[in-house]
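Participant: Have a look at this one.
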Amino acid sequence: MSQVRVLGELAVLDDVGPARRGRAYPAAGATSALLLPAAVLLGGLVLWPVLRTMHASVTTDGRWVGAAHFRTALAAPGTGAVVGRTVLWALLVPAVVTALGYLLAAASRRSQEGGLVRLILLVPVALPLVVTGVTFRLMYDPDPSRGLATLVATRLTGRSVEDAPQLLGPGMVTVALMSAFVWAWVGLAVLVFRSALDAVPPSLADAVRAYGGKRRHVLWDAQWRPLLLRTTAVVFALVAVGTSRTFDLILVMTPGSVRDEASVLALRIWQTSGGTTTGDGAALGVVWLVAVIGGIMVAALFVRQAWPPPRVEAAPEPAPVAPPRRVFRLLAAGAAIAWLVPLAVLVATSAHGRVDAAARGWWSTPPNAESYRNLVTGTELWRTLGFTLLLATAVTATVLVVALLAAYPLAWLTGPAAQATGLLLLAASVVPIQVIAGPVNEVLGLVLSSGTAQGLALVHIALGVPFAVLVLRNAFADLPVEQVRDARLGGRRWWHTLRRLARHNRSAVVAVSVLEFVQVWNDLVVGRLFGGPGSSPLGPFLAEQTRSFVSNSGALAASSVLASVLPVVLVVLSRRHLVAGLVSGGVR
């Protein structure tokens, strides 16, 4: 393609033949410049720390010790139970979330109340896990006069108040934690399955019935085999990765006396090495890292497809689908009511003063605004909210710019190079920060002083870039060739082309922006590991208040409500963009 002037006007001469994506590809020099920021961030704050952790796991003061650290770490008291509990989390919880997500997506489809049900299920997705932990700890309080779930369990089992079931006791704490995690994640599974169900052409079911297929054949041949089987694998993998980051939930929700009975590798590594690099901690980190990356790679290979993905022609308007049967609609309505109970408990507790919330249940005394008045008139919460807002905004803007620059040249790769790039980005996006905390602190010590706001932002940016690049790269490659050609012809430079392509991919851009902002806003572990006295975001601020949980429950609940407003509003308002962006760009 060339540009010449004809009668004083700029004309673009496009060669004949079928359209090719390569026409939007930037020049070699520009490609290197575009990839450089992402490469520096991932190389310095992800790849090198991973290699440093692996080196520390087999050496002591630079001397090779082989598997000694692994033997010591795995032989430590309780490590076997911790590993087994981590595996249980990675298998059982994703299975429950996936099954519930599909059932509720099917049950809330094509019904008048379905939109409201999905909206209610979506709200917990946006809540910080710290707030989820606070909410369920209020519900599972061991005193039946304060804990609603404990009161209900006491009456159902016919026990006395003194012999009330201990839902956060050693025997039940893991089940209680899993119930909180399922409550927080089912909404995401529902949205993804709903999108997949809407994409299944009704003509497939008609074809199966025409050949004499029964209901089970319709379910398998017209839904699961063409699309839902892959969607199930994606949802399972996403939730499995999420379970590897339950640090926030366990730290906030479990009393200190039973924390060891609830511990998983996320917590054990932090307890072993914190923000430093030790041999035993590095060995545990390598075990966890191999398990997480191995699992996500298996899932990625299971759902792999040709690259770039084939274009799907616009389908005609689907025929009306019959609403679900009454029993399934009742199931969806019951789930919505059950999902509202924890939210009601949090809000009701926040509407009580310090003494009332600590002494008795929220249902025993009339509400008042004492906790909110104390927070609003104070300065600590507002200072923390302001810092977190600035941090999340700056990180989100930087991640979006870096990811757009890197996604633009990567989107036009094909064949093995594209598949390998996608797997590397996927692996980098699931690296647990506890595993590489020590080496990351070493890097920050070289370029920035430890515990600064700049260092905290830099870590967040490095952790957010891989997933953002992956989503935007896939979304760019999904664009119709005609839109790519129009963007190339309408832009005189590569940055003009990139801007036009980003405009065509508005859903993916919005999805990346909202998810990154909410991730930084809701974070606890990064702020705890890399924050300092002058750079403490919202998550560590809320977690610090849980040290005196009962006496501080009213103010803690009010702080949690205020901290949840912004992420909930963002996720609810952008929910259609989130699903469209993730389905088109993130699930490859």
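Simple scheme: letters A, B, ... for chains in structure tokens order, numbers from 1 for residues in each chain, numbers from 1 for ligands in the order shown.
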Residues at most 10 Å from Leu251 in chain A, counting only C-alpha atoms, excluding those fewer than 6 positions away in the same chain, as a list in words?

Facilitator: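 Near neighbours after the sequence-gap exclusion: Val130, Gly133, Arg259, Ala262, Ser263, Leu267, Leu524, Val525, Ala543 and Thr546 of chain A.
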
Participant: Keeping only all heavy atoms, write those residues as a JSON list (two decimals), in the first residue's frame.

Facilitator:
```json
[["chain", "number", "residue", "atom", "x", "y", "z"],
["A", 130, "VAL", "N", -11.75, -8.80, 51.44],
["A", 130, "VAL", "CA", -11.71, -8.37, 52.83],
["A", 130, "VAL", "C", -13.12, -8.12, 53.33],
["A", 130, "VAL", "O", -13.50, -8.54, 54.43],
["A", 130, "VAL", "CB", -10.84, -7.10, 52.99],
["A", 130, "VAL", "CG1", -10.91, -6.59, 54.42],
["A", 130, "VAL", "CG2", -9.40, -7.38, 52.60],
["A", 133, "GLY", "N", -14.93, -11.36, 53.77],
["A", 133, "GLY", "CA", -14.52, -11.98, 55.03],
["A", 133, "GLY", "C", -15.18, -11.35, 56.23],
["A", 133, "GLY", "O", -15.63, -12.05, 57.15],
["A", 259, "ARG", "N", -6.50, -20.40, 62.78],
["A", 259, "ARG", "CA", -5.93, -20.06, 61.47],
["A", 259, "ARG", "C", -5.09, -21.20, 60.91],
["A", 259, "ARG", "O", -5.08, -21.42, 59.69],
["A", 259, "ARG", "CB", -5.11, -18.78, 61.58],
["A", 259, "ARG", "CG", -4.72, -18.17, 60.25],
["A", 259, "ARG", "CD", -4.35, -16.72, 60.41],
["A", 259, "ARG", "NE", -5.52, -15.91, 60.75],
["A", 259, "ARG", "CZ", -5.46, -14.72, 61.31],
["A", 259, "ARG", "NH1", -4.28, -14.18, 61.60],
["A", 259, "ARG", "NH2", -6.55, -14.05, 61.60],
["A", 262, "ALA", "N", -7.09, -23.66, 59.01],
["A", 262, "ALA", "CA", -7.64, -23.17, 57.74],
["A", 262, "ALA", "C", -6.55, -22.82, 56.74],
["A", 262, "ALA", "O", -6.86, -22.46, 55.60],
["A", 262, "ALA", "CB", -8.50, -21.93, 57.98],
["A", 263, "SER", "N", -5.30, -22.94, 57.11],
["A", 263, "SER", "CA", -4.20, -22.44, 56.29],
["A", 263, "SER", "C", -4.07, -23.19, 54.98],
["A", 263, "SER", "O", -4.27, -24.40, 54.91],
["A", 263, "SER", "CB", -2.89, -22.53, 57.07],
["A", 263, "SER", "OG", -1.81, -22.04, 56.31],
["A", 267, "LEU", "N", -1.25, -18.68, 52.54],
["A", 267, "LEU", "CA", -0.98, -18.16, 53.87],
["A", 267, "LEU", "C", 0.32, -18.73, 54.44],
["A", 267, "LEU", "O", 1.09, -18.00, 55.10],
["A", 267, "LEU", "CB", -2.15, -18.51, 54.80],
["A", 267, "LEU", "CG", -2.13, -17.88, 56.19],
["A", 267, "LEU", "CD1", -2.26, -16.36, 56.09],
["A", 267, "LEU", "CD2", -3.27, -18.44, 57.05],
["A", 524, "LEU", "N", -5.52, -6.61, 49.04],
["A", 524, "LEU", "CA", -4.94, -6.63, 50.39],
["A", 524, "LEU", "C", -3.49, -7.09, 50.37],
["A", 524, "LEU", "O", -2.63, -6.43, 50.96],
["A", 524, "LEU", "CB", -5.75, -7.57, 51.30],
["A", 524, "LEU", "CG", -5.11, -7.91, 52.66],
["A", 524, "LEU", "CD1", -4.93, -6.64, 53.51],
["A", 524, "LEU", "CD2", -5.91, -8.95, 53.41],
["A", 525, "VAL", "N", -3.19, -8.18, 49.68],
["A", 525, "VAL", "CA", -1.89, -8.82, 49.83],
["A", 525, "VAL", "C", -0.77, -7.94, 49.27],
["A", 525, "VAL", "O", 0.30, -7.81, 49.91],
["A", 525, "VAL", "CB", -1.89, -10.21, 49.15],
["A", 525, "VAL", "CG1", -2.15, -10.13, 47.68],
["A", 525, "VAL", "CG2", -0.57, -10.93, 49.42],
["A", 543, "ALA", "N", -8.25, -4.56, 57.04],
["A", 543, "ALA", "CA", -7.75, -5.75, 57.73],
["A", 543, "ALA", "C", -7.20, -5.41, 59.11],
["A", 543, "ALA", "O", -7.32, -6.21, 60.05],
["A", 543, "ALA", "CB", -6.66, -6.42, 56.88],
["A", 546, "THR", "N", -9.74, -5.53, 61.93],
["A", 546, "THR", "CA", -10.27, -6.82, 62.36],
["A", 546, "THR", "C", -9.52, -7.39, 63.55],
["A", 546, "THR", "O", -9.94, -8.44, 64.07],
["A", 546, "THR", "CB", -10.21, -7.83, 61.20],
["A", 546, "THR", "OG1", -8.84, -8.05, 60.82],
["A", 546, "THR", "CG2", -10.98, -7.33, 60.00]]
```

Participant: For the structure I just gave you, how does DSSP split range 106-230 of chain A - specifically, which residues are alpha helix (DSSP H)? Reply as a PyMOL selection string.

Facilitator: chain A and resi 106-107+114-126+129-139+148-157+173-199+202-210+215-219+229-230

Participant: Using DSSP secondary structure from the backbone, list all strand (DSSP E or B) positions within range 7-151 of chain A, as a list in words.

Facilitator: Glu9, Leu10, Ala11, Val12, Leu13, Thr59, Thr60, Arg63 and Trp64 of chain A

Participant: Report the distance between CA of Pro409 in chain A and CA of Asn505 in chain A in Å, rounded to one decimal place.

Facilitator: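 Interatomic distance, CA of Pro409 in chain A to CA of Asn505 in chain A: 15.3 Å.
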
Participant: Separation of CA of Val327 in chain A and CA of Arg109 in chain A, in Å?

Facilitator: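 Interatomic distance here is 13.1 Å.
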
Participant: A:Ser560, A:Thr231, A:Thr98, A:Thr379: which is nearest Ala189 in chain A, counting only C-alpha atoms?

Facilitator: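 For Ala189 in chain A, the nearest of the candidates is A:Thr98.
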